[in-house]
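Pasted below: upload_0.cif, mmCIF, C-alpha atoms.
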data_final
#
loop_
_atom_site.label_atom_id
_atom_site.label_comp_id
_atom_site.auth_asym_id
_atom_site.auth_seq_id
_atom_site.Cartn_x
_atom_site.Cartn_y
_atom_site.Cartn_z
CA MET A 70 87.45 61.68 55.33
CA PRO A 71 86.66 59.60 58.41
CA ASP A 72 88.79 60.25 61.47
CA LYS A 73 91.34 57.77 62.73
CA PRO A 74 90.18 55.47 65.54
CA ARG A 75 89.85 57.15 68.90
CA LEU A 76 89.90 55.62 72.37
CA THR A 77 86.73 53.83 73.49
CA ARG A 78 84.95 54.96 76.66
CA GLU A 79 86.51 51.98 78.43
CA GLN A 80 89.98 53.05 77.25
CA ILE A 81 89.42 56.61 78.49
CA ALA A 82 88.55 55.08 81.88
CA GLN A 83 91.60 52.85 81.69
CA ARG A 84 93.91 55.82 81.05
CA ALA A 85 92.24 57.89 83.80
CA ALA A 86 92.72 55.00 86.25
CA GLN A 87 96.49 55.44 85.85
CA GLU A 88 96.14 58.88 87.46
CA LEU A 89 95.06 57.39 90.81
CA PRO A 90 97.87 57.09 93.35
CA ASP A 91 98.04 54.13 95.72
CA GLY A 92 96.06 54.80 98.89
CA ALA A 93 94.02 57.66 97.41
CA TYR A 94 90.50 58.56 98.51
CA VAL A 95 88.52 58.84 95.28
CA ASN A 96 85.05 59.84 94.08
CA LEU A 97 83.79 58.69 90.69
CA GLY A 98 81.00 60.55 88.91
CA TRP A 99 78.42 59.49 86.32
CA GLY A 100 79.37 58.29 82.85
CA ILE A 101 82.89 57.33 81.86
CA PRO A 102 84.31 57.86 85.39
CA ASN A 103 82.03 55.13 86.67
CA LEU A 104 84.01 52.62 84.55
CA ILE A 105 87.36 53.52 86.16
CA SER A 106 87.09 51.08 89.06
CA ASP A 107 87.34 48.18 86.56
CA TYR A 108 90.79 49.34 85.41
CA LEU A 109 92.84 50.00 88.56
CA PRO A 110 96.51 49.24 87.91
CA LYS A 111 97.87 46.16 89.70
CA GLY A 112 99.14 46.83 93.21
CA VAL A 113 97.11 50.04 93.57
CA THR A 114 94.49 50.19 96.33
CA VAL A 115 92.17 53.17 96.43
CA TYR A 116 89.26 53.95 98.73
CA PHE A 117 86.10 54.87 96.85
CA HIS A 118 83.86 57.53 98.38
CA SER A 119 80.15 57.89 97.72
CA GLU A 120 78.11 61.06 98.35
CA ASN A 121 75.44 59.11 100.23
CA GLY A 122 77.89 58.37 103.03
CA ILE A 123 80.23 55.50 102.22
CA LEU A 124 84.01 55.31 102.26
CA GLY A 125 85.53 52.04 101.10
CA MET A 126 83.12 50.84 98.43
CA GLY A 127 84.02 47.57 96.76
CA PRO A 128 82.79 46.12 93.47
CA ARG A 129 79.14 46.02 92.45
CA ALA A 130 77.07 43.44 94.34
CA LYS A 131 76.61 40.11 92.57
CA PRO A 132 73.11 39.21 91.37
CA GLY A 133 71.20 37.80 94.33
CA GLU A 134 73.47 39.51 96.86
CA GLU A 135 72.14 43.06 96.45
CA ASP A 136 71.03 45.00 99.54
CA SER A 137 68.82 48.00 98.82
CA ASP A 138 70.33 49.83 101.82
CA LEU A 139 73.83 49.53 100.32
CA VAL A 140 73.91 51.49 97.07
CA ASP A 141 76.27 53.99 95.48
CA ALA A 142 75.38 57.51 94.35
CA MET A 143 73.97 56.09 91.12
CA LYS A 144 71.65 53.77 93.06
CA VAL A 145 73.69 50.70 92.04
CA PRO A 146 73.96 47.98 94.73
CA VAL A 147 77.59 47.77 95.83
CA THR A 148 79.78 45.93 98.34
CA LEU A 149 82.24 47.12 100.98
CA ILE A 150 85.94 46.46 101.42
CA PRO A 151 87.41 45.78 104.89
CA GLY A 152 87.83 49.08 106.74
CA ALA A 153 84.81 50.75 105.15
CA SER A 154 82.68 53.26 107.04
CA PHE A 155 79.26 54.95 106.89
CA PHE A 156 78.40 58.55 107.70
CA SER A 157 75.73 61.11 106.87
CA GLN A 158 75.40 63.00 103.59
CA ALA A 159 76.66 66.14 105.39
CA ASP A 160 79.91 64.44 106.39
CA ALA A 161 80.19 62.91 102.91
CA HIS A 162 80.20 66.43 101.45
CA LEU A 163 82.39 67.80 104.19
CA MET A 164 84.88 65.37 102.65
CA THR A 165 84.27 66.70 99.12
CA ARG A 166 84.25 70.44 99.83
CA GLY A 167 86.83 70.36 102.59
CA GLY A 168 89.61 68.99 100.39
CA HIS A 169 89.76 65.61 102.09
CA LEU A 170 89.37 63.59 98.88
CA ASP A 171 92.52 63.15 96.81
CA VAL A 172 90.93 62.68 93.40
CA ALA A 173 87.52 63.04 91.80
CA ALA A 174 86.83 61.89 88.24
CA LEU A 175 83.83 63.63 86.69
CA GLY A 176 82.11 63.53 83.32
CA GLY A 177 81.98 66.71 81.26
CA PHE A 178 80.08 68.53 78.52
CA GLN A 179 82.70 71.30 78.26
CA VAL A 180 85.95 72.37 79.91
CA SER A 181 87.42 75.84 79.37
CA GLU A 182 91.08 76.76 79.02
CA LYS A 183 90.99 77.99 82.62
CA GLY A 184 89.55 74.72 83.88
CA ASP A 185 85.92 75.83 84.21
CA LEU A 186 83.69 72.75 84.02
CA ALA A 187 80.16 72.40 82.62
CA ASN A 188 78.60 69.00 83.25
CA TRP A 189 75.09 69.29 84.65
CA LYS A 190 72.76 70.85 82.11
CA ILE A 191 72.49 71.22 78.35
CA PRO A 192 71.34 74.72 77.36
CA GLY A 193 67.76 74.79 76.14
CA SER A 194 67.02 71.31 77.52
CA LYS A 195 63.52 70.75 78.83
CA GLY A 196 62.91 69.84 82.45
CA SER A 197 64.51 70.99 85.64
CA GLY A 198 68.02 69.58 85.22
CA GLY A 199 69.77 68.33 88.34
CA ILE A 200 72.97 69.30 90.15
CA GLY A 201 73.48 66.49 92.65
CA GLY A 202 76.90 66.43 94.28
CA ALA A 203 78.91 67.68 91.29
CA MET A 204 79.31 71.31 92.40
CA ASP A 205 80.53 70.34 95.89
CA ILE A 206 82.94 67.77 94.45
CA ALA A 207 84.29 70.12 91.77
CA ALA A 208 84.80 72.95 94.26
CA GLY A 209 86.74 71.11 96.91
CA THR A 210 88.51 67.96 95.74
CA LYS A 211 92.33 68.21 95.62
CA LYS A 212 92.55 66.92 92.04
CA VAL A 213 89.64 66.92 89.59
CA ILE A 214 90.00 64.78 86.45
CA VAL A 215 87.39 65.30 83.74
CA CYS A 216 86.82 62.24 81.53
CA MET A 217 84.95 62.87 78.29
CA GLU A 218 84.99 62.54 74.52
CA HIS A 219 87.19 65.19 72.89
CA ASN A 220 84.41 66.29 70.54
CA THR A 221 80.63 66.22 70.39
CA LYS A 222 78.84 63.86 68.01
CA ASP A 223 78.74 66.77 65.53
CA GLY A 224 82.50 67.22 65.82
CA ALA A 225 82.42 70.42 67.88
CA PRO A 226 85.24 70.75 70.43
CA LYS A 227 84.34 70.15 74.08
CA ILE A 228 87.56 71.83 75.24
CA VAL A 229 86.90 75.51 74.60
CA LYS A 230 88.14 79.02 75.38
CA GLN A 231 85.02 79.74 77.40
CA CYS A 232 82.12 77.42 78.26
CA ASN A 233 78.70 78.35 76.92
CA TYR A 234 76.95 75.57 78.83
CA PRO A 235 75.77 76.21 82.42
CA LEU A 236 78.80 75.90 84.70
CA THR A 237 79.39 73.37 87.46
CA GLY A 238 82.42 75.19 88.81
CA ILE A 239 85.05 77.72 87.85
CA GLU A 240 88.76 76.93 87.54
CA CYS A 241 88.17 73.53 89.14
CA THR A 242 89.59 71.07 86.57
CA ASP A 243 93.17 69.85 86.94
CA THR A 244 93.43 67.22 84.22
CA ILE A 245 91.33 66.27 81.20
CA VAL A 246 91.40 62.73 79.81
CA THR A 247 89.68 62.32 76.44
CA ASP A 248 89.59 59.84 73.58
CA LEU A 249 92.40 61.87 71.96
CA ALA A 250 94.59 63.29 74.71
CA VAL A 251 95.66 63.83 78.30
CA ILE A 252 95.75 67.55 79.05
CA ASP A 253 96.79 69.37 82.23
CA VAL A 254 95.23 72.69 83.22
CA THR A 255 98.11 74.91 84.41
CA PRO A 256 98.48 78.61 85.24
CA GLU A 257 100.08 79.07 81.78
CA GLY A 258 97.21 77.31 80.01
CA LEU A 259 96.35 73.83 78.72
CA VAL A 260 99.42 71.62 78.44
CA LEU A 261 99.19 68.62 76.11
CA ARG A 262 100.75 65.79 78.10
CA GLU A 263 99.89 62.75 75.93
CA VAL A 264 98.11 61.96 72.67
CA ALA A 265 96.07 58.88 71.73
CA PRO A 266 97.96 56.20 69.82
CA GLY A 267 98.29 57.18 66.15
CA TRP A 268 97.46 60.87 66.68
CA THR A 269 99.81 63.88 66.41
CA PRO A 270 99.71 67.01 68.59
CA GLU A 271 98.73 69.05 65.51
CA GLU A 272 95.72 66.79 64.82
CA VAL A 273 94.61 67.04 68.43
CA GLN A 274 95.00 70.85 68.35
CA GLU A 275 92.80 71.02 65.22
CA ARG A 276 90.00 69.32 67.17
CA THR A 277 90.39 71.52 70.25
CA GLY A 278 88.69 74.89 70.81
CA ALA A 279 91.51 76.38 72.92
CA LYS A 280 95.26 76.63 72.51
CA LEU A 281 97.26 73.61 73.64
CA ILE A 282 100.79 74.20 74.90
CA VAL A 283 103.25 71.62 73.56
CA LYS A 284 106.51 71.18 75.43
CA GLY A 285 108.95 69.07 73.45
CA GLU A 286 107.94 65.61 72.29
CA VAL A 287 104.44 64.54 73.33
CA PRO A 288 104.31 60.79 74.06
CA GLU A 289 101.44 58.49 73.11
CA MET A 290 99.20 57.15 75.88
CA LYS A 291 100.12 53.68 77.10
CA LEU A 292 97.09 51.51 77.74
CA GLY A 293 99.05 48.32 78.57
CA MET B 64 58.61 59.44 130.42
CA LYS B 65 57.25 61.49 127.57
CA GLN B 66 55.34 59.25 125.20
CA LYS B 67 56.73 59.58 121.68
CA ILE B 68 55.51 56.28 120.28
CA VAL B 69 52.52 56.76 118.01
CA SER B 70 50.21 53.84 117.33
CA SER B 71 49.72 54.31 113.60
CA LEU B 72 51.23 55.98 110.57
CA ASP B 73 48.05 57.96 109.99
CA ALA B 74 48.11 59.24 113.56
CA ALA B 75 51.76 60.24 113.17
CA VAL B 76 50.99 62.65 110.32
CA ALA B 77 47.43 63.65 111.27
CA ASP B 78 48.25 67.22 112.35
CA ILE B 79 50.53 68.17 109.44
CA PRO B 80 48.65 71.08 107.82
CA ASP B 81 48.27 72.09 104.19
CA GLY B 82 51.11 74.38 103.13
CA ALA B 83 53.61 72.87 105.59
CA ARG B 84 57.35 72.84 104.88
CA ILE B 85 58.40 69.20 105.14
CA MET B 86 61.81 67.51 104.86
CA PHE B 87 61.93 63.94 103.51
CA GLY B 88 64.96 61.71 104.13
CA GLY B 89 66.38 59.15 101.72
CA PHE B 90 68.76 58.78 98.83
CA GLY B 91 69.12 56.28 95.99
CA GLY B 92 66.20 54.15 97.12
CA ALA B 93 67.60 53.77 100.67
CA GLY B 94 66.29 55.40 103.83
CA PHE B 95 63.03 56.82 102.49
CA PRO B 96 60.09 57.10 104.94
CA ASN B 97 57.85 55.48 102.34
CA ASN B 98 55.10 54.48 104.74
CA LEU B 99 54.82 57.97 106.24
CA ILE B 100 54.79 59.47 102.73
CA GLN B 101 51.90 57.16 101.79
CA SER B 102 49.93 58.20 104.87
CA LEU B 103 50.60 61.87 104.25
CA SER B 104 49.48 61.59 100.64
CA ARG B 105 46.41 59.54 101.54
CA LYS B 106 45.19 62.15 104.01
CA GLY B 107 44.91 64.56 101.08
CA ILE B 108 47.43 67.18 102.16
CA LYS B 109 47.87 70.11 99.75
CA SER B 110 50.38 72.77 98.74
CA ILE B 111 53.38 71.55 100.70
CA THR B 112 56.96 72.68 100.24
CA ALA B 113 59.04 69.50 100.01
CA ILE B 114 62.73 69.49 100.90
CA SER B 115 64.43 66.32 99.70
CA ASN B 116 67.41 65.22 97.67
CA ASN B 117 65.22 64.07 94.79
CA CYS B 118 61.65 64.05 93.53
CA GLY B 119 60.65 60.40 93.58
CA THR B 120 61.03 57.30 91.48
CA ARG B 121 57.92 56.98 89.35
CA ASP B 122 55.09 56.46 91.93
CA GLY B 123 57.57 55.58 94.68
CA GLU B 124 59.10 57.73 97.40
CA LEU B 125 57.96 61.33 96.82
CA GLY B 126 56.57 60.40 93.38
CA ILE B 127 53.07 59.81 94.75
CA MET B 128 52.94 63.37 96.17
CA PHE B 129 53.76 64.86 92.75
CA LYS B 130 51.39 62.45 90.99
CA ASN B 131 48.56 63.66 93.22
CA GLY B 132 49.52 67.33 92.83
CA GLN B 133 50.21 67.85 96.54
CA VAL B 134 53.53 69.73 96.25
CA LYS B 135 53.72 73.40 95.26
CA HIS B 136 57.46 73.95 95.71
CA VAL B 137 60.44 71.66 96.05
CA ILE B 138 63.97 72.31 97.28
CA CYS B 139 66.24 69.52 96.05
CA SER B 140 69.62 68.77 94.49
CA PHE B 141 68.74 66.20 91.83
CA PRO B 142 65.13 65.49 90.85
CA GLY B 143 66.28 62.20 89.30
CA PRO B 144 65.88 60.29 86.04
CA HIS B 145 62.61 58.63 87.07
CA ALA B 146 60.86 61.65 88.61
CA ASN B 147 58.31 61.70 85.79
CA HIS B 148 55.42 62.98 87.91
CA PHE B 149 57.53 65.91 89.12
CA GLN B 150 58.77 66.75 85.61
CA GLU B 151 55.23 66.73 84.19
CA ARG B 152 53.98 69.17 86.82
CA PHE B 153 57.16 71.27 86.56
CA ALA B 154 56.69 71.59 82.78
CA LYS B 155 53.11 72.83 83.35
CA GLY B 156 54.25 75.32 85.98
CA GLU B 157 52.26 73.57 88.72
CA VAL B 158 55.33 73.10 90.90
CA THR B 159 58.37 75.32 91.30
CA CYS B 160 61.84 74.04 92.06
CA GLU B 161 64.97 75.41 93.72
CA LEU B 162 68.03 73.34 92.80
CA VAL B 163 70.71 73.34 95.50
CA PRO B 164 74.11 71.62 95.32
CA GLN B 165 73.78 68.46 97.38
CA GLY B 166 76.33 69.24 100.09
CA ILE B 167 75.05 72.81 100.35
CA LEU B 168 71.55 71.42 100.84
CA CYS B 169 72.94 69.43 103.80
CA GLU B 170 74.74 72.42 105.28
CA ARG B 171 71.79 74.80 104.89
CA MET B 172 69.68 72.33 106.87
CA ARG B 173 72.49 71.97 109.41
CA MET B 174 72.52 75.76 109.78
CA ALA B 175 68.84 75.65 110.70
CA ALA B 176 69.58 72.85 113.16
CA ALA B 177 72.51 74.68 114.69
CA GLY B 178 70.88 78.08 115.13
CA LEU B 179 73.26 79.69 112.62
CA LEU B 180 72.09 82.14 110.02
CA GLY B 181 74.35 81.34 107.10
CA PHE B 182 77.78 80.52 105.75
CA TYR B 183 80.03 81.39 102.84
CA THR B 184 81.09 78.77 100.31
CA THR B 185 83.05 78.52 97.07
CA VAL B 186 80.51 75.95 95.81
CA GLY B 187 78.41 77.41 93.01
CA VAL B 188 80.47 80.59 92.52
CA GLY B 189 80.13 81.72 88.90
CA THR B 190 77.22 79.32 88.26
CA GLU B 191 73.42 79.66 88.09
CA VAL B 192 73.09 78.90 91.80
CA ALA B 193 74.99 82.10 92.68
CA ALA B 194 72.26 84.28 91.15
CA GLY B 195 71.05 86.88 93.63
CA LYS B 196 73.40 85.78 96.40
CA GLU B 197 75.91 88.04 98.16
CA GLU B 198 79.45 87.40 96.93
CA ARG B 199 82.69 88.33 98.69
CA VAL B 200 86.31 87.20 98.97
CA ILE B 201 87.57 85.32 102.04
CA GLU B 202 91.12 83.96 102.30
CA GLY B 203 91.58 85.03 98.69
CA LYS B 204 88.67 82.90 97.45
CA ARG B 205 85.45 84.07 95.82
CA CYS B 206 82.51 82.76 97.82
CA ILE B 207 78.74 83.21 98.14
CA LEU B 208 76.43 83.51 101.14
CA GLU B 209 74.04 80.62 101.76
CA THR B 210 71.17 80.86 104.26
CA PRO B 211 69.42 78.22 106.42
CA ILE B 212 66.62 75.93 105.27
CA HIS B 213 64.02 75.46 108.00
CA ALA B 214 61.12 73.03 108.08
CA ASP B 215 58.01 72.48 110.17
CA PHE B 216 58.32 68.69 109.94
CA ALA B 217 60.88 66.08 108.97
CA LEU B 218 59.73 62.62 107.90
CA ILE B 219 62.64 60.22 108.23
CA LYS B 220 63.47 56.51 108.24
CA ALA B 221 65.68 54.74 110.77
CA GLN B 222 66.36 51.11 111.55
CA LYS B 223 65.84 51.15 115.31
CA ALA B 224 64.48 53.59 117.85
CA ASP B 225 64.48 53.11 121.58
CA GLU B 226 61.40 54.34 123.43
CA LEU B 227 63.06 57.71 124.00
CA GLY B 228 63.80 58.22 120.30
CA ASN B 229 67.51 57.45 120.12
CA LEU B 230 68.08 56.22 116.57
CA THR B 231 70.35 53.92 114.59
CA TYR B 232 70.44 53.56 110.82
CA ARG B 233 71.20 50.58 108.61
CA LEU B 234 74.17 50.72 106.18
CA ALA B 235 73.88 53.60 103.70
CA ALA B 236 70.22 54.23 104.58
CA ARG B 237 71.53 56.95 106.92
CA ASN B 238 72.21 59.61 104.23
CA PHE B 239 70.04 62.73 104.85
CA ASN B 240 68.03 61.33 107.77
CA PRO B 241 70.17 62.46 110.74
CA ILE B 242 70.55 65.97 109.26
CA MET B 243 66.81 66.44 108.72
CA ALA B 244 66.07 65.02 112.16
CA MET B 245 68.06 67.89 113.65
CA ALA B 246 66.76 70.62 111.35
CA ALA B 247 62.96 70.41 111.57
CA SER B 248 60.70 71.68 114.34
CA THR B 249 58.96 68.30 114.59
CA THR B 250 60.67 65.07 113.53
CA ILE B 251 58.63 61.96 112.82
CA VAL B 252 60.52 58.72 112.31
CA GLU B 253 59.35 55.40 110.92
CA VAL B 254 61.46 52.49 112.11
CA ASP B 255 61.73 48.76 111.59
CA GLU B 256 61.93 48.13 115.31
CA ILE B 257 61.24 49.90 118.61
CA VAL B 258 63.42 48.64 121.46
CA PRO B 259 63.44 49.31 125.24
CA VAL B 260 65.42 52.24 126.62
CA GLY B 261 68.99 51.12 127.25
CA SER B 262 69.02 48.54 124.44
CA ILE B 263 71.06 50.79 122.17
CA ALA B 264 74.55 51.36 123.57
CA PRO B 265 75.07 55.12 124.02
CA GLU B 266 78.13 55.11 121.76
CA ASN B 267 76.09 53.56 118.96
CA VAL B 268 73.37 56.21 118.94
CA ILE B 269 73.53 58.17 115.66
CA THR B 270 70.60 60.55 116.23
CA PRO B 271 70.13 61.46 119.92
CA ALA B 272 66.55 61.37 121.20
CA ILE B 273 66.37 65.15 121.69
CA PHE B 274 65.82 65.51 117.94
CA VAL B 275 63.00 62.95 117.67
CA HIS B 276 59.38 63.77 118.51
CA ARG B 277 57.28 60.91 117.17
CA ILE B 278 58.15 57.26 116.54
CA VAL B 279 56.10 54.82 114.56
CA GLN B 280 56.88 51.17 113.89
CA ALA B 281 56.41 50.44 110.20
CA LYS B 282 58.07 47.13 109.50
CA GLY B 283 55.90 44.80 107.52
CA LEU B 284 53.91 47.71 106.18
CA HIS B 285 56.47 48.27 103.47
CA TYR B 286 55.04 50.00 100.46
CA ALA B 287 56.44 48.78 97.17
CA GLY B 288 56.65 51.92 95.02
#
When written as structure tokens, how does the structure in this file appear?
Amino acid sequence: MPDKPRLTREQIAQRAAQELPDGAYVNLGWGIPNLISDYLPKGVTVYFHSENGILGMGPRAKPGEEDSDLVDAMKVPVTLIPGASFFSQADAHLMTRGGHLDVAALGGFQVSEKGDLANWKIPGSKGSGGIGGAMDIAAGTKKVIVCMEHNTKDGAPKIVKQCNYPLTGIECTDTIVTDLAVIDVTPEGLVLREVAPGWTPEEVQERTGAKLIVKGEVPEMKLG
Amino acid sequence: MKQKIVSSLDAAVADIPDGARIMFGGFGGAGFPNNLIQSLSRKGIKSITAISNNCGTRDGELGIMFKNGQVKHVICSFPGPHANHFQERFAKGEVTCELVPQGILCERMRMAAAGLLGFYTTVGVGTEVAAGKEERVIEGKRCILETPIHADFALIKAQKADELGNLTYRLAARNFNPIMAMAASTTIVEVDEIVPVGSIAPENVITPAIFVHRIVQAKGLHYAG
């Protein structure tokens, strides 16, 4: 029997965007997180950080207005907002490791019940793999949100008791936003905070590889 | 005044020997010393250890060095999705690679620059990068010991140099360049413009001249990779 509709990647980004407080300093990783800047709630201003030494990135540069010396960490030409600054890669990561960034949203292959994150290498993959800034960001940012699909294409859970993919960091994830749920990593375990519209906590638990703690009624996500 | 200005790109890299450890600035297409890289490759250098964030974009940036088989070992954080020449040689075992988390790569170079012999960090604890490294607990946190990364040469890109070697960078083309300038024994910079001493206001200098040994003007020689 086919599953009920899940959130799209854009909707995962839209829900994750609601986690950003006004005035926050924020780093967005590859994949779904990179879509978050399109869905900032009205009245919320955040300052986007880039590992190559930018604070205060604005939207992508319009065609014809790109400057190859002004790119984000994914090599995409961007713009600046008033009050932006430049600094070296060392200072950019001093900000990540040193706990100066309020929120980082990262993609994920797996998250464990303790908040371990695997997002840089698929086991058995050919080639060298690449770490980039993910380990620094995961280790030091005040709040790490992992945005990913709840299950692999084959239906295997990506939220698991213990990761069997190469780790990016241990006990570094604070919140997981998927196409089925919003889940907080707490000292007691994984707490199911919200479910996707049309889904029950039991159905989400069935598709999760670790125990979800349910406290009272679990509301549906609001995507406004 | 000590003469740091070199008349040509080829002259700037002429004495870099086979087997040298060389840092290369740049990130995301910005701030790469592409003209110096071309000269270095053209002179037929062999067996270098390259220290750089990534491993080139097809033939561009460091790509040409991997294409020509001139690198034996690379220390980087993210080879990159278009580092096909690197990946081909890596698959054949012709080049070895140490992956380092990006900010730790910066700090290990800064250690070399600062005359420090290491630091402890929580970054990488419990992951593949912790393999073989000393682990201990400080302030209740598990952390691993990281050691300096030294280099014989740094090839970097800046926007302007004055005749003493004080440097400024354009926009986000700064990235790794100021760190590598400080970390290597000999730093060679290619710039768009060389200006008279005193033209750059002291408070606008990003890399002080003490870290810069050779300056070469490369504007208009831009290599399209």
Given the PyMOL selection byres ((chain B) within 9 of (chain A)) and the file above, list the residues it selects as a PDB file with C-alpha atoms, in the frame of the given file.
ATOM      1  CA  PHE B  90      68.760  58.780  98.830  1.00  0.00           C
ATOM      2  CA  GLY B  91      69.120  56.280  95.990  1.00  0.00           C
ATOM      3  CA  GLY B  92      66.200  54.150  97.120  1.00  0.00           C
ATOM      4  CA  ALA B  93      67.600  53.770 100.670  1.00  0.00           C
ATOM      5  CA  GLY B  94      66.290  55.400 103.830  1.00  0.00           C
ATOM      6  CA  ASN B 116      67.410  65.220  97.670  1.00  0.00           C
ATOM      7  CA  ASN B 117      65.220  64.070  94.790  1.00  0.00           C
ATOM      8  CA  CYS B 139      66.240  69.520  96.050  1.00  0.00           C
ATOM      9  CA  SER B 140      69.620  68.770  94.490  1.00  0.00           C
ATOM     10  CA  PHE B 141      68.740  66.200  91.830  1.00  0.00           C
ATOM     11  CA  PRO B 142      65.130  65.490  90.850  1.00  0.00           C
ATOM     12  CA  GLY B 143      66.280  62.200  89.300  1.00  0.00           C
ATOM     13  CA  GLN B 150      58.770  66.750  85.610  1.00  0.00           C
ATOM     14  CA  GLU B 151      55.230  66.730  84.190  1.00  0.00           C
ATOM     15  CA  PHE B 153      57.160  71.270  86.560  1.00  0.00           C
ATOM     16  CA  ALA B 154      56.690  71.590  82.780  1.00  0.00           C
ATOM     17  CA  CYS B 160      61.840  74.040  92.060  1.00  0.00           C
ATOM     18  CA  LEU B 162      68.030  73.340  92.800  1.00  0.00           C
ATOM     19  CA  VAL B 163      70.710  73.340  95.500  1.00  0.00           C
ATOM     20  CA  PRO B 164      74.110  71.620  95.320  1.00  0.00           C
ATOM     21  CA  GLN B 165      73.780  68.460  97.380  1.00  0.00           C
ATOM     22  CA  GLY B 166      76.330  69.240 100.090  1.00  0.00           C
ATOM     23  CA  ILE B 167      75.050  72.810 100.350  1.00  0.00           C
ATOM     24  CA  LEU B 168      71.550  71.420 100.840  1.00  0.00           C
ATOM     25  CA  CYS B 169      72.940  69.430 103.800  1.00  0.00           C
ATOM     26  CA  GLU B 170      74.740  72.420 105.280  1.00  0.00           C
ATOM     27  CA  ARG B 173      72.490  71.970 109.410  1.00  0.00           C
ATOM     28  CA  THR B 184      81.090  78.770 100.310  1.00  0.00           C
ATOM     29  CA  THR B 185      83.050  78.520  97.070  1.00  0.00           C
ATOM     30  CA  VAL B 186      80.510  75.950  95.810  1.00  0.00           C
ATOM     31  CA  GLY B 187      78.410  77.410  93.010  1.00  0.00           C
ATOM     32  CA  VAL B 188      80.470  80.590  92.520  1.00  0.00           C
ATOM     33  CA  GLY B 189      80.130  81.720  88.900  1.00  0.00           C
ATOM     34  CA  THR B 190      77.220  79.320  88.260  1.00  0.00           C
ATOM     35  CA  GLU B 191      73.420  79.660  88.090  1.00  0.00           C
ATOM     36  CA  ARG B 233      71.200  50.580 108.610  1.00  0.00           C
ATOM     37  CA  LEU B 234      74.170  50.720 106.180  1.00  0.00           C
ATOM     38  CA  ALA B 235      73.880  53.600 103.700  1.00  0.00           C
ATOM     39  CA  ALA B 236      70.220  54.230 104.580  1.00  0.00           C
ATOM     40  CA  ARG B 237      71.530  56.950 106.920  1.00  0.00           C
ATOM     41  CA  ASN B 238      72.210  59.610 104.230  1.00  0.00           C
ATOM     42  CA  PHE B 239      70.040  62.730 104.850  1.00  0.00           C
ATOM     43  CA  ASN B 240      68.030  61.330 107.770  1.00  0.00           C
ATOM     44  CA  PRO B 241      70.170  62.460 110.740  1.00  0.00           C
ATOM     45  CA  ILE B 242      70.550  65.970 109.260  1.00  0.00           C
TER      46      ILE B 242
END
Residue contacts of Gly152 (chain A) (12 Å, all atoms listed in the file) excluding same-chain residues fewer than 4 positions away, as a ChimeraX atom specification:
/A:115-117,123-127
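Of the residues listed (B:Cys206, B:Ile273, B:Ile212, B:Val192), B:Ile212 shows the shortest atom-to-atom separation from Ile138 (chain B); distances use only C-alpha atoms.
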Using all atoms listed in the file, determine which residues lie at most 8 Å from region 108-111 of chain A, disregarding the query and same-chain residues fewer than 3 positions distant; provide the list as a list in words.
Ala82, Gln83, Ala86, Gln87, Leu104, Ile105 and Thr114 of chain A
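In this comparison, which uses all atoms listed in the file, the residue of A:Glu182, A:Glu218, A:Glu271, A:Glu289 approaching Glu257 (chain A) most closely is A:Glu182.
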What residues come out when you apply the PyMOL selection byres ((chain B and resi 265-271) around 12) to this file, written as a VMD selection string?
(chain A and resid 155 to 157) or (chain B and resid 219 to 233 237 to 246 250 252 260 to 264 272 to 276)
Write out as an MDAnalysis selection string the residues lying within 6 Å of Leu175 (chain A), counting all atoms listed in the file and excluding same-chain residues fewer than 2 positions away.
chainID A and resid 98 102 215
I need the chosen residues saved as a compact mmCIF listing (two decimals), in the coordinates of the input, with C-alpha atoms.
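What landed in selection.txt:
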# COMPACT_ATOMS: atom_id res chain seq x y z
CA GLY A 98 81.00 60.55 88.91
CA PRO A 102 84.31 57.86 85.39
CA VAL A 215 87.39 65.30 83.74
Report the distance between CA of Val229 (chain A) and CA of Lys280 (chain A) in Å, rounded to one decimal place.
8.7 Å
Please provide the set of residues having any atom within 10 Å of Val213 (chain A), restricted to all atoms listed in the file, with same-chain residues fewer than 2 positions apart removed, written as a PyMOL selection string.
chain A and resi 95-96+170-175+184+206-211+215-216+241-245
Determine the residue membership of the PyMOL selection byres ((chain B and resi 106) around 10) for the file above and supply it as an MDAnalysis selection string.
chainID B and resid 73 76:77 79 101:105 107:109
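Coordinates place CA of Pro128 (chain A) at a distance of 5.9 Å from CA of Val147 (chain A).
Rounded to one decimal, CA of Arg121 (chain B) and CA of Val137 (chain B) lie 16.3 Å from each other.
Distances to Gly123 (chain B) were evaluated for B:His136, B:Ile111, B:Asn98, B:Lys282 using all atoms listed in the file, and the minimum falls at B:Asn98.
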